[in-house]
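Trainee: One file is attached below, structure31.pdb, containing PDB, C-alpha atoms.
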ATOM      1  CA  MET A 664     -12.538 -12.235  -8.794
ATOM      2  CA  ASN A 665     -10.906 -14.614 -11.293
ATOM      3  CA  LYS A 666     -10.670 -11.670 -13.690
ATOM      4  CA  ALA A 667      -8.861  -9.652 -11.003
ATOM      5  CA  VAL A 668      -6.419 -12.530 -10.391
ATOM      6  CA  HIS A 669      -5.764 -12.884 -14.123
ATOM      7  CA  SER A 670      -5.253  -9.123 -14.367
ATOM      8  CA  SER A 671      -2.682  -9.280 -11.536
ATOM      9  CA  LEU A 672      -0.866 -12.166 -13.227
ATOM     10  CA  LEU A 673      -0.750 -10.185 -16.484
ATOM     11  CA  THR A 674       0.649  -7.191 -14.583
ATOM     12  CA  ILE A 675       3.354  -9.432 -13.081
ATOM     13  CA  VAL A 676       4.372 -10.643 -16.556
ATOM     14  CA  ILE A 677       4.517  -7.039 -17.801
ATOM     15  CA  ALA A 678       6.526  -6.035 -14.709
ATOM     16  CA  ILE A 679       9.093  -8.787 -15.300
ATOM     17  CA  ALA A 680       9.480  -7.627 -18.895
ATOM     18  CA  VAL A 681       9.876  -3.973 -17.810
ATOM     19  CA  TYR A 682      12.419  -4.925 -15.111
ATOM     20  CA  ALA A 683      14.382  -6.965 -17.660
ATOM     21  CA  VAL A 684      14.490  -4.041 -20.124
ATOM     22  CA  VAL A 685      15.579  -1.599 -17.396
ATOM     23  CA  ALA A 686      18.259  -4.025 -16.167
ATOM     24  CA  VAL A 687      19.653  -4.557 -19.677
ATOM     25  CA  TYR A 688      19.603  -0.821 -20.401
ATOM     26  CA  SER A 689      21.433  -0.151 -17.118
ATOM     27  CA  GLY A 690      24.104  -2.778 -17.755
ATOM     28  CA  GLY A 691      22.405  -6.106 -17.144
ATOM     29  CA  GLU A 692      25.471  -8.016 -15.950
ATOM     30  CA  GLU A 693      26.454  -5.312 -13.454
ATOM     31  CA  VAL A 694      22.911  -5.129 -12.061
ATOM     32  CA  LEU A 695      22.702  -8.914 -11.639
ATOM     33  CA  GLN A 696      26.146  -9.030 -10.013
ATOM     34  CA  ALA A 697      25.112  -6.262  -7.620
ATOM     35  CA  ILE A 698      21.934  -8.146  -6.643
ATOM     36  CA  ASN A 699      23.807 -11.453  -6.277
ATOM     37  CA  SER A 700      26.417  -9.784  -4.070
ATOM     38  CA  LEU A 701      23.824  -9.201  -1.338
ATOM     39  CA  SER A 702      24.376 -11.597   1.591
ATOM     40  CA  TRP A 703      21.644 -14.025   2.612
ATOM     41  CA  GLN A 704      21.708 -12.478   6.093
ATOM     42  CA  LEU A 705      20.723  -9.123   4.619
ATOM     43  CA  TRP A 706      17.944 -10.742   2.598
ATOM     44  CA  VAL A 707      16.613 -12.347   5.793
ATOM     45  CA  GLY A 708      16.783  -8.951   7.505
ATOM     46  CA  LEU A 709      14.910  -7.189   4.678
ATOM     47  CA  LEU A 710      12.172  -9.818   4.520
ATOM     48  CA  SER A 711      11.854  -9.772   8.328
ATOM     49  CA  LEU A 712      11.344  -5.993   8.263
ATOM     50  CA  SER A 713       8.624  -6.469   5.641
ATOM     51  CA  LEU A 714       6.956  -9.127   7.808
ATOM     52  CA  LEU A 715       7.034  -6.704  10.739
ATOM     53  CA  ASN A 716       5.388  -4.102   8.484
ATOM     54  CA  TYR A 717       2.592  -6.534   7.578
ATOM     55  CA  GLY A 718       2.143  -7.600  11.203
ATOM     56  CA  LEU A 719       1.792  -4.030  12.458
ATOM     57  CA  ARG A 720      -0.648  -3.095   9.707
ATOM     58  CA  TYR A 721      -2.688  -6.220  10.455
ATOM     59  CA  TRP A 722      -2.840  -5.160  14.106
ATOM     60  CA  ARG A 723      -4.233  -1.764  13.038
ATOM     61  CA  TRP A 724      -6.669  -3.442  10.649
ATOM     62  CA  HIS A 725      -7.866  -5.806  13.420
ATOM     63  CA  LEU A 726      -8.492  -2.816  15.698
ATOM     64  CA  TYR A 727     -10.532  -1.153  12.944
ATOM     65  CA  ILE A 728     -12.643  -4.238  12.189
ATOM     66  CA  SER A 729     -13.205  -5.042  15.890
ATOM     67  CA  HIS A 730     -14.141  -1.486  16.934
ATOM     68  CA  LYS A 731     -17.649  -1.594  18.492
ATOM     69  CA  ASN A 732     -18.272  -4.835  16.589
ATOM     70  CA  PRO A 733     -16.750  -7.935  18.219
ATOM     71  CA  HIS A 734     -16.491 -10.969  15.926
ATOM     72  CA  SER A 735     -15.717 -14.656  16.289
ATOM     73  CA  LEU A 736     -12.731 -14.710  13.924
ATOM     74  CA  ALA A 737      -9.616 -16.299  15.397
ATOM     75  CA  HIS A 738      -6.468 -14.212  14.954
ATOM     76  CA  TRP A 739      -4.875 -16.779  12.635
ATOM     77  CA  GLN A 740      -7.947 -16.697  10.361
ATOM     78  CA  HIS A 741      -8.143 -12.921  10.339
ATOM     79  CA  LEU A 742      -4.391 -12.592   9.713
ATOM     80  CA  ALA A 743      -4.602 -15.104   6.839
ATOM     81  CA  ILE A 744      -7.489 -13.140   5.279
ATOM     82  CA  TYR A 745      -5.549  -9.886   5.666
ATOM     83  CA  ILE A 746      -2.415 -11.346   4.043
ATOM     84  CA  ALA A 747      -4.495 -12.919   1.233
ATOM     85  CA  GLY A 748      -5.549  -9.382   0.288
ATOM     86  CA  PHE A 749      -1.961  -8.700  -0.792
ATOM     87  CA  ALA A 750      -2.517 -11.061  -3.750
ATOM     88  CA  LEU A 751      -4.374  -8.185  -5.433
ATOM     89  CA  THR A 752      -2.006  -5.405  -4.418
ATOM     90  CA  MET A 753      -1.261  -4.824  -8.107
ATOM     91  CA  THR A 754      -4.389  -2.739  -8.621
ATOM     92  CA  PRO A 755      -4.682   1.090  -8.780
ATOM     93  CA  GLY A 756      -4.590   2.461  -5.243
ATOM     94  CA  LYS A 757      -4.367  -1.185  -4.027
ATOM     95  CA  ALA A 758      -8.162  -1.254  -4.345
ATOM     96  CA  GLY A 759      -8.009  -5.001  -5.043
ATOM     97  CA  GLU A 760      -7.184  -5.558  -1.377
ATOM     98  CA  GLY A 761     -10.883  -4.931  -0.794
ATOM     99  CA  MET A 762     -11.359  -8.614  -1.677
ATOM    100  CA  ARG A 763     -10.881  -9.234   2.061
ATOM    101  CA  SER A 764     -14.489  -8.142   2.484
ATOM    102  CA  LEU A 765     -15.604 -11.194   0.468
ATOM    103  CA  TYR A 766     -13.952 -13.459   3.057
ATOM    104  CA  LEU A 767     -15.080 -11.438   6.072
ATOM    105  CA  LYS A 768     -18.729 -11.394   4.945
ATOM    106  CA  GLN A 769     -18.844 -15.122   5.712
ATOM    107  CA  HIS A 770     -18.066 -14.298   9.355
ATOM    108  CA  GLY A 771     -20.887 -11.803   9.728
ATOM    109  CA  ILE A 772     -18.792  -8.709   8.980
ATOM    110  CA  PRO A 773     -20.713  -6.504   6.498
ATOM    111  CA  HIS A 774     -18.989  -5.226   3.377
ATOM    112  CA  GLN A 775     -19.629  -1.637   4.489
ATOM    113  CA  ARG A 776     -17.580  -2.195   7.636
ATOM    114  CA  SER A 777     -14.582  -3.879   5.991
ATOM    115  CA  ILE A 778     -14.492  -1.480   3.014
ATOM    116  CA  GLY A 779     -14.844   1.459   5.444
ATOM    117  CA  ALA A 780     -11.824   0.085   7.349
ATOM    118  CA  LEU A 781      -9.882  -0.231   4.065
ATOM    119  CA  PHE A 782     -10.783   3.384   3.196
ATOM    120  CA  VAL A 783      -9.433   4.646   6.542
ATOM    121  CA  GLU A 784      -6.360   2.407   6.244
ATOM    122  CA  ARG A 785      -5.534   4.022   2.893
ATOM    123  CA  ILE A 786      -5.906   7.525   4.392
ATOM    124  CA  MET A 787      -3.545   6.654   7.277
ATOM    125  CA  ASP A 788      -1.004   5.106   4.889
ATOM    126  CA  LEU A 789      -1.096   8.176   2.636
ATOM    127  CA  LEU A 790      -0.542  10.478   5.632
ATOM    128  CA  THR A 791       2.364   8.335   6.815
ATOM    129  CA  ILE A 792       4.011   8.220   3.388
ATOM    130  CA  LEU A 793       3.456  11.959   3.001
ATOM    131  CA  MET A 794       5.304  12.547   6.292
ATOM    132  CA  MET A 795       8.197  10.326   5.158
ATOM    133  CA  ALA A 796       8.326  12.068   1.780
ATOM    134  CA  GLY A 797       8.368  15.431   3.544
ATOM    135  CA  LEU A 798      11.864  14.577   4.844
ATOM    136  CA  GLY A 799      13.245  15.058   1.343
ATOM    137  CA  LEU A 800      11.386  17.969  -0.216
ATOM    138  CA  SER A 801      14.690  19.573  -1.167
ATOM    139  CA  PHE A 802      15.672  16.717  -3.518
ATOM    140  CA  LEU A 803      13.761  17.977  -6.525
ATOM    141  CA  SER A 804      14.619  21.523  -7.532
ATOM    142  CA  ASP A 805      11.691  21.869  -9.929
ATOM    143  CA  GLY A 806       9.114  21.433  -7.200
ATOM    144  CA  GLN A 807       7.719  18.056  -8.326
ATOM    145  CA  SER A 808       7.809  16.636  -4.807
ATOM    146  CA  GLN A 809       6.045  19.697  -3.364
ATOM    147  CA  TRP A 810       3.254  19.355  -5.908
ATOM    148  CA  ALA A 811       3.024  15.626  -5.206
ATOM    149  CA  GLY A 812       2.714  16.378  -1.500
ATOM    150  CA  ILE A 813       0.072  19.081  -2.050
ATOM    151  CA  LEU A 814      -1.969  16.833  -4.353
ATOM    152  CA  THR A 815      -1.877  13.974  -1.836
ATOM    153  CA  LEU A 816      -2.871  16.317   0.995
ATOM    154  CA  VAL A 817      -5.824  17.574  -1.082
ATOM    155  CA  ILE A 818      -6.915  13.965  -1.719
ATOM    156  CA  ILE A 819      -6.699  13.137   2.009
ATOM    157  CA  VAL A 820      -8.574  16.278   3.107
ATOM    158  CA  THR A 821     -11.267  15.593   0.487
ATOM    159  CA  ALA A 822     -11.613  11.989   1.670
ATOM    160  CA  ILE A 823     -11.911  12.990   5.340
ATOM    161  CA  THR A 824     -14.423  15.724   4.445
ATOM    162  CA  LEU A 825     -16.582  13.214   2.560
ATOM    163  CA  VAL A 826     -16.552  10.967   5.609
ATOM    164  CA  LYS A 827     -17.270  13.721   8.140
ATOM    165  CA  ILE A 828     -19.967  15.819   6.432
ATOM    166  CA  PRO A 829     -23.571  15.080   7.569
ATOM    167  CA  LYS A 830     -25.202  12.886   4.941
ATOM    168  CA  ASP A 831     -28.754  12.443   6.321
ATOM    169  CA  LYS A 832     -30.289  15.331   4.363
ATOM    170  CA  VAL A 833     -28.527  14.274   1.166
ATOM    171  CA  MET A 834     -29.776  10.675   1.492
ATOM    172  CA  ALA A 835     -33.339  11.864   2.231
ATOM    173  CA  SER A 836     -33.422  14.223  -0.749
ATOM    174  CA  SER A 837     -35.814  13.597  -3.622
ATOM    175  CA  LEU A 838     -32.822  13.325  -5.985
ATOM    176  CA  ILE A 839     -31.562  10.204  -4.168
ATOM    177  CA  GLN A 840     -35.008   8.750  -3.516
ATOM    178  CA  ASN A 841     -35.960   8.971  -7.209
ATOM    179  CA  LEU A 842     -32.895   7.099  -8.442
ATOM    180  CA  PRO A 843     -33.381   3.649 -10.026
ATOM    181  CA  ASP A 844     -33.441   0.899  -7.370
ATOM    182  CA  LYS A 845     -30.031  -0.583  -8.207
ATOM    183  CA  LEU A 846     -28.307   2.788  -8.279
ATOM    184  CA  ARG A 847     -30.049   3.884  -5.059
ATOM    185  CA  HIS A 848     -28.842   0.708  -3.315
ATOM    186  CA  ILE A 849     -25.270   1.496  -4.377
ATOM    187  CA  VAL A 850     -25.574   5.086  -3.065
ATOM    188  CA  PHE A 851     -26.924   3.822   0.273
ATOM    189  CA  PHE A 852     -24.100   1.264   0.437
ATOM    190  CA  ILE A 853     -21.513   4.044  -0.063
ATOM    191  CA  GLU A 854     -23.242   6.147   2.614
ATOM    192  CA  SER A 855     -23.148   3.196   5.042
ATOM    193  CA  MET A 856     -19.469   2.568   4.238
ATOM    194  CA  LEU A 857     -18.595   6.222   4.903
ATOM    195  CA  ASN A 858     -20.490   6.114   8.210
ATOM    196  CA  ASN A 859     -18.448   3.055   9.229
ATOM    197  CA  ALA A 860     -15.276   4.917   8.266
ATOM    198  CA  ASN A 861     -16.409   7.941  10.290
ATOM    199  CA  ASP A 862     -16.197   5.926  13.527
ATOM    200  CA  LEU A 863     -12.530   5.230  12.773
ATOM    201  CA  LEU A 864     -11.600   8.867  12.161
ATOM    202  CA  SER A 865     -11.861  10.074  15.746
ATOM    203  CA  LEU A 866      -8.739  11.783  17.089
ATOM    204  CA  ARG A 867      -7.856   8.667  19.081
ATOM    205  CA  PHE A 868      -7.946   6.412  16.037
ATOM    206  CA  ILE A 869      -6.193   8.955  13.800
ATOM    207  CA  PHE A 870      -3.235   9.197  16.199
ATOM    208  CA  LEU A 871      -3.169   5.436  16.783
ATOM    209  CA  GLY A 872      -3.388   4.719  13.047
ATOM    210  CA  LEU A 873      -0.596   7.174  12.301
ATOM    211  CA  PHE A 874       1.606   5.834  15.120
ATOM    212  CA  ILE A 875       1.304   2.261  13.850
ATOM    213  CA  GLY A 876       1.699   3.411  10.231
ATOM    214  CA  ILE A 877       4.897   5.363  10.938
ATOM    215  CA  ILE A 878       6.533   2.345  12.629
ATOM    216  CA  ALA A 879       5.269  -0.091   9.973
ATOM    217  CA  TRP A 880       6.341   1.909   6.923
ATOM    218  CA  GLY A 881       9.479   3.036   8.745
ATOM    219  CA  CYS A 882      10.525  -0.633   8.816
ATOM    220  CA  GLU A 883      10.521  -0.750   5.022
ATOM    221  CA  GLY A 884      12.308   2.595   4.839
ATOM    222  CA  TYR A 885      14.936   1.162   7.181
ATOM    223  CA  GLY A 886      15.217  -1.828   4.832
ATOM    224  CA  LEU A 887      16.112   0.572   2.019
ATOM    225  CA  TYR A 888      18.732   2.149   4.307
ATOM    226  CA  LEU A 889      20.328  -1.272   4.973
ATOM    227  CA  THR A 890      20.391  -1.987   1.236
ATOM    228  CA  MET A 891      21.962   1.395   0.476
ATOM    229  CA  GLN A 892      24.641   0.661   3.086
ATOM    230  CA  ALA A 893      25.609  -2.482   1.166
ATOM    231  CA  PHE A 894      26.565  -0.404  -1.894
ATOM    232  CA  ASP A 895      29.172   2.274  -2.432
ATOM    233  CA  MET A 896      27.887   5.840  -2.741
ATOM    234  CA  THR A 897      29.814   8.808  -4.094
ATOM    235  CA  PRO A 898      29.198  11.685  -1.640
ATOM    236  CA  SER A 899      27.668  14.009  -4.254
ATOM    237  CA  PHE A 900      24.784  14.855  -1.918
ATOM    238  CA  ASP A 901      25.238  16.520   1.464
ATOM    239  CA  ALA A 902      23.213  14.157   3.676
ATOM    240  CA  THR A 903      24.052  14.270   7.398
ATOM    241  CA  ASN A 904      21.745  11.386   8.251
ATOM    242  CA  THR A 905      21.655   8.440   5.847
ATOM    243  CA  ILE A 906      18.661   6.862   7.613
ATOM    244  CA  THR A 907      16.653  10.066   7.142
ATOM    245  CA  LEU A 908      17.811  10.132   3.522
ATOM    246  CA  ALA A 909      16.638   6.548   2.963
ATOM    247  CA  MET A 910      13.274   7.254   4.623
ATOM    248  CA  ALA A 911      12.798  10.323   2.403
ATOM    249  CA  ILE A 912      13.699   8.448  -0.794
ATOM    250  CA  TYR A 913      11.389   5.568   0.100
ATOM    251  CA  GLY A 914       8.530   7.871   1.069
ATOM    252  CA  MET A 915       8.778  10.017  -2.065
ATOM    253  CA  ALA A 916       9.074   6.986  -4.365
ATOM    254  CA  ILE A 917       5.995   5.314  -2.851
ATOM    255  CA  LEU A 918       4.116   8.642  -2.922
ATOM    256  CA  ILE A 919       4.870   9.224  -6.620
ATOM    257  CA  GLY A 920       3.873   5.635  -7.370
ATOM    258  CA  ALA A 921       0.589   6.062  -5.460
ATOM    259  CA  ILE A 922      -0.284   9.333  -7.199
ATOM    260  CA  SER A 923       0.373   7.722 -10.590
ATOM    261  CA  PHE A 924      -2.502   5.291  -9.807
ATOM    262  CA  LEU A 925      -0.597   2.613 -11.709
ATOM    263  CA  PRO A 926      -1.074  -0.938 -10.361
ATOM    264  CA  GLY A 927       1.088  -1.170  -7.239
ATOM    265  CA  GLY A 928       2.751   2.083  -8.294
ATOM    266  CA  LEU A 929       4.604  -0.067 -10.837
ATOM    267  CA  GLY A 930       6.961   1.980 -12.969
ATOM    268  CA  GLY A 931       6.397   5.275 -11.177
ATOM    269  CA  THR A 932       7.874   4.080  -7.866
ATOM    270  CA  GLU A 933      10.856   2.405  -9.528
ATOM    271  CA  ALA A 934      11.651   5.376 -11.780
ATOM    272  CA  ALA A 935      11.443   7.820  -8.859
ATOM    273  CA  MET A 936      13.636   5.670  -6.614
ATOM    274  CA  ILE A 937      16.299   5.140  -9.292
ATOM    275  CA  PHE A 938      16.326   8.874 -10.099
ATOM    276  CA  MET A 939      16.792   9.881  -6.443
ATOM    277  CA  LEU A 940      19.428   7.222  -5.732
ATOM    278  CA  VAL A 941      21.483   8.453  -8.702
ATOM    279  CA  LYS A 942      20.979  12.030  -7.518
ATOM    280  CA  VAL A 943      22.432  11.260  -4.073
ATOM    281  CA  GLY A 944      25.549   9.585  -5.477
ATOM    282  CA  PHE A 945      24.964   5.988  -6.592
ATOM    283  CA  ASP A 946      25.993   4.886 -10.054
ATOM    284  CA  HIS A 947      23.100   3.901 -12.340
ATOM    285  CA  ALA A 948      23.621   0.121 -12.085
ATOM    286  CA  SER A 949      23.746   0.254  -8.274
ATOM    287  CA  ALA A 950      20.652   2.477  -8.161
ATOM    288  CA  VAL A 951      18.727  -0.009 -10.320
ATOM    289  CA  ALA A 952      19.941  -2.945  -8.198
ATOM    290  CA  ILE A 953      18.968  -1.224  -4.917
ATOM    291  CA  THR A 954      15.534  -0.398  -6.339
ATOM    292  CA  PHE A 955      14.929  -3.953  -7.552
ATOM    293  CA  ILE A 956      16.043  -5.410  -4.202
ATOM    294  CA  CYS A 957      13.782  -3.008  -2.311
ATOM    295  CA  ARG A 958      10.760  -3.848  -4.478
ATOM    296  CA  ILE A 959      11.401  -7.601  -4.308
ATOM    297  CA  ALA A 960      11.569  -7.456  -0.504
ATOM    298  CA  THR A 961       8.401  -5.342  -0.217
ATOM    299  CA  LEU A 962       5.883  -5.343  -3.094
ATOM    300  CA  TRP A 963       6.710  -8.713  -4.652
ATOM    301  CA  PHE A 964       7.240 -10.467  -1.314
ATOM    302  CA  ALA A 965       3.798  -9.237  -0.178
ATOM    303  CA  MET A 966       2.168 -10.447  -3.403
ATOM    304  CA  ALA A 967       3.833 -13.865  -3.136
ATOM    305  CA  LEU A 968       2.616 -14.254   0.449
ATOM    306  CA  GLY A 969      -0.859 -13.116  -0.602
ATOM    307  CA  VAL A 970      -1.147 -15.642  -3.440
ATOM    308  CA  MET A 971       0.142 -18.506  -1.263
ATOM    309  CA  THR A 972      -2.247 -17.585   1.563
ATOM    310  CA  MET A 973      -5.193 -17.364  -0.841
ATOM    311  CA  PHE A 974      -4.467 -20.894  -2.059
ATOM    312  CA  LEU A 975      -4.027 -22.069   1.550
ATOM    313  CA  LEU A 976      -7.432 -20.632   2.510
ATOM    314  CA  SER A 977      -8.971 -22.346  -0.516
ATOM    315  CA  PHE A 978      -7.316 -25.658   0.502
ATOM    316  CA  LEU A 979      -8.825 -25.269   3.987
ATOM    317  CA  GLY A 980     -12.254 -24.753   2.452
ATOM    318  CA  ILE A 981     -12.379 -20.986   3.061
ATOM    319  CA  LYS A 982     -13.379 -19.521  -0.279
ATOM    320  CA  LEU A 983     -14.495 -16.126  -1.521
ATOM    321  CA  GLN A 984     -18.176 -15.369  -1.151
ATOM    322  CA  GLN A 985     -18.872 -13.584  -4.396
ATOM    323  CA  ASN A 986     -22.089 -11.693  -3.872
ATOM    324  CA  ASN A 987     -23.161  -8.172  -4.694
ATOM    325  CA  VAL A 988     -22.050  -5.651  -2.110
ATOM    326  CA  GLU A 989     -25.110  -3.465  -2.598
ATOM    327  CA  GLN A 990     -27.238  -6.304  -1.200
ATOM    328  CA  ASP A 991     -25.835  -5.715   2.313
TER     329      ASP A 991
END
Would you mind giving the structure from this file in structure tokens?
Mentor:
Amino acid sequence: MNKAVHSSLLTIVIAIAVYAVVAVYSGGEEVLQAINSLSWQLWVGLLSLSLLNYGLRYWRWHLYISHKNPHSLAHWQHLAIYIAGFALTMTPGKAGEGMRSLYLKQHGIPHQRSIGALFVERIMDLLTILMMAGLGLSFLSDGQSQWAGILTLVIIVTAITLVKIPKDKVMASSLIQNLPDKLRHIVFFIESMLNNANDLLSLRFIFLGLFIGIIAWGCEGYGLYLTMQAFDMTPSFDATNTITLAMAIYGMAILIGAISFLPGGLGGTEAAMIFMLVKVGFDHASAVAITFICRIATLWFAMALGVMTMFLLSFLGIKLQQNNVEQD
């Protein structure tokens, strides 16, 4: 896990360097002035919307973990563990957030259950972001957004199919049984994880997960809208509803970042957001400033909270249990 933390810290250093280069290229002084012009009240509002996003997603996560398997974790402990997972958000597909399972194992929650919940959480988030991105399919004339949407939909359908298909015959086959012990344990672990995920992909949980996801991610989309309102926009794009426009830009930027499989969508999300903001009428410096503000209030705020919470848990004597998942 120390390697993962060091990798995240290296990514942060690289990100700062990339942001600095982009800011200088876009007119560094203008970008900094634009960011500094934002009122503290707006910053409080943006960070509060992000906190609401985290709180709603924790609620969904708690429902997933508690389904058919009550546990003794107090809400404050479970919330702290969930937030600590954000420390490793800067991993492809946010896979590093699976480190929560190392904490939860100590409370009798098997890795298969927590990783299954993370798998379903990612599917629900992708569906939500896809719906938000769908509001702005007309932005890109060359069809990039349509292809991004189709690719994401294929990934989601494939993931759900893997969860839903009967796996008993596959697991009992001679091919699986004749695998080396270590590899067979890993295959059985994956099968157990998918079975745990299957319980959370009933119609009831799909609709509930999507409902919570739409409100949660909508909060961050609304944060982008508030930031856009603080800057002047030349009406070069015929948008009748600026909130819908902001939701579409946010959704498509996050979607492109996710499909890039770069850590935290770093680079892909920012480039997409800047491109679309310029396209709808913002000057380049303002577009860069809006993008930086949005990412500070969402991605970087989440990571900062995650790192602080991880250290807090360590201070309280709650440390990662680093054991092999295939032993479960």
Trainee: Taking (6.8, 0.6, 5.8) in the coordinates of the supplied file, I want to know which residues reach to within 12 Å of it, counting all atoms listed in the file; could you give the answer as an MDAnalysis selection string?
Mentor: chainID A and resid 709:720 788:789 791:792 795 873:887 909:911 913:914 917 957:958 960:962 965
Trainee: Find the residues with any atom within 10 Å of (-8.0, -4.8, 12.6); use only C-alpha atoms and the coordinates as given in the file, and write the answer as a ChimeraX atom specification.
Mentor: /A:719-730,738,741-742,745,777,780-781,784
Trainee: Name the residues in contact with segment 689-705 of chain A at a cut-off of 10 Å, using only C-alpha atoms, excluding same-chain residues fewer than 4 positions from it; report them as a ChimeraX atom specification.
Mentor: /A:683-685,709-711,886,889-890,893-894,946-953,955-956
Trainee: May I ask which of the residues A:Gln769, A:Thr905, A:Asn732, A:Thr752 is the closest one to Pro926 of chain A, counting only C-alpha atoms?
Mentor: A:Thr752
Trainee: With distances taken over only C-alpha atoms, which of A:Asp862, A:Met973, A:Gly872, A:Gly931 is nearest to Arg785 of chain A?
Mentor: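 Closest to Arg785 of chain A, using only C-alpha atoms: A:Gly872.
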Trainee: Written as a PDB file with C-alpha atoms, in the frame of the given file, what is the full residue list that the PyMOL selection byres ((chain A and resi 798) around 8) yields on the file shown?
Mentor:
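The result, written out as result_26.pdb:
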ATOM      1  CA  MET A 794       5.304  12.547   6.292  1.00  0.00           C
ATOM      2  CA  MET A 795       8.197  10.326   5.158  1.00  0.00           C
ATOM      3  CA  ALA A 796       8.326  12.068   1.780  1.00  0.00           C
ATOM      4  CA  GLY A 797       8.368  15.431   3.544  1.00  0.00           C
ATOM      5  CA  GLY A 799      13.245  15.058   1.343  1.00  0.00           C
ATOM      6  CA  LEU A 800      11.386  17.969  -0.216  1.00  0.00           C
ATOM      7  CA  THR A 907      16.653  10.066   7.142  1.00  0.00           C
ATOM      8  CA  LEU A 908      17.811  10.132   3.522  1.00  0.00           C
ATOM      9  CA  MET A 910      13.274   7.254   4.623  1.00  0.00           C
ATOM     10  CA  ALA A 911      12.798  10.323   2.403  1.00  0.00           C
TER      11      ALA A 911
END
Trainee: Taking all atoms of segment 972-975 of chain A that the file lists and extending 5 Å past them on each side, where is the centre of the axis-aligned box and how long are its edges? Answer in Å to one decimal, as lines of an AutoDock Vina configuration file.
Mentor:
center_x = -3.7
center_y = -19.7
center_z = -0.2
size_x = 12.9
size_y = 14.7
size_z = 13.6
Trainee: Let me make sure I understand: among A:Met762, A:Ile675, A:Val707, A:Ile772, which one has the smallest atom-to-atom distance to Leu736 of chain A if we use all atoms listed in the file?
Mentor: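 Answer, going by the shortest atom-to-atom distance: A:Ile772.
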Trainee: For the atom pair atom CA of Ile677 of chain A and atom CA of Arg763 of chain A, what is the interatomic distance in Å to one decimal place?
Mentor: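 Atom-to-atom, atom CA of Ile677 of chain A and atom CA of Arg763 of chain A are spaced 25.2 Å apart.
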Trainee: Step by step, work through what the PyMOL selection byres ((chain A and resi 932) around 6) selects in the shown file, and finish by giving those residues as an mmCIF file with C-alpha atoms, keeping the file's coordinate frame.
Mentor:
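Output contents, as saved in selection-v1.cif:
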data_model
loop_
_atom_site.group_PDB
_atom_site.id
_atom_site.type_symbol
_atom_site.label_atom_id
_atom_site.label_comp_id
_atom_site.auth_asym_id
_atom_site.auth_seq_id
_atom_site.Cartn_x
_atom_site.Cartn_y
_atom_site.Cartn_z
ATOM 1 C CA ALA A 916 9.074 6.986 -4.365
ATOM 2 C CA ILE A 917 5.995 5.314 -2.851
ATOM 3 C CA GLY A 920 3.873 5.635 -7.370
ATOM 4 C CA GLY A 928 2.751 2.083 -8.294
ATOM 5 C CA GLY A 930 6.961 1.980 -12.969
ATOM 6 C CA GLY A 931 6.397 5.275 -11.177
ATOM 7 C CA GLU A 933 10.856 2.405 -9.528
ATOM 8 C CA ALA A 934 11.651 5.376 -11.780
ATOM 9 C CA ALA A 935 11.443 7.820 -8.859
#
Trainee: Closest to Ala750 of chain A among A:Leu790, A:Leu979, A:Ile906, A:Met966, using only C-alpha atoms?
Mentor: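 With only C-alpha atoms as the atom set, the closest residue is A:Met966.
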Trainee: So how many Å separate atom CA of His774 of chain A and atom CA of Ala921 of chain A, to one decimal?
Mentor: 24.3 Å
Trainee: Rounded to one decimal, what separation in Å do you get between atom CA of Thr972 of chain A and atom CA of Ala747 of chain A?
Mentor: 5.2 Å
Trainee: Using only C-alpha atoms, which residues sit within 10 Å of Gly969 of chain A once same-chain residues fewer than 5 positions away are excluded, as an mmCIF file with C-alpha atoms, in the coordinates of the input?
Mentor:
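The result, written out as part.cif:
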data_model
loop_
_atom_site.group_PDB
_atom_site.id
_atom_site.type_symbol
_atom_site.label_atom_id
_atom_site.label_comp_id
_atom_site.auth_asym_id
_atom_site.auth_seq_id
_atom_site.Cartn_x
_atom_site.Cartn_y
_atom_site.Cartn_z
ATOM 1 C CA ALA A 743 -4.602 -15.104 6.839
ATOM 2 C CA ILE A 744 -7.489 -13.140 5.279
ATOM 3 C CA TYR A 745 -5.549 -9.886 5.666
ATOM 4 C CA ILE A 746 -2.415 -11.346 4.043
ATOM 5 C CA ALA A 747 -4.495 -12.919 1.233
ATOM 6 C CA GLY A 748 -5.549 -9.382 0.288
ATOM 7 C CA PHE A 749 -1.961 -8.700 -0.792
ATOM 8 C CA ALA A 750 -2.517 -11.061 -3.750
ATOM 9 C CA LEU A 751 -4.374 -8.185 -5.433
ATOM 10 C CA THR A 752 -2.006 -5.405 -4.418
ATOM 11 C CA GLU A 760 -7.184 -5.558 -1.377
ATOM 12 C CA TRP A 963 6.710 -8.713 -4.652
ATOM 13 C CA PHE A 964 7.240 -10.467 -1.314
ATOM 14 C CA PHE A 974 -4.467 -20.894 -2.059
ATOM 15 C CA LEU A 975 -4.027 -22.069 1.550
#
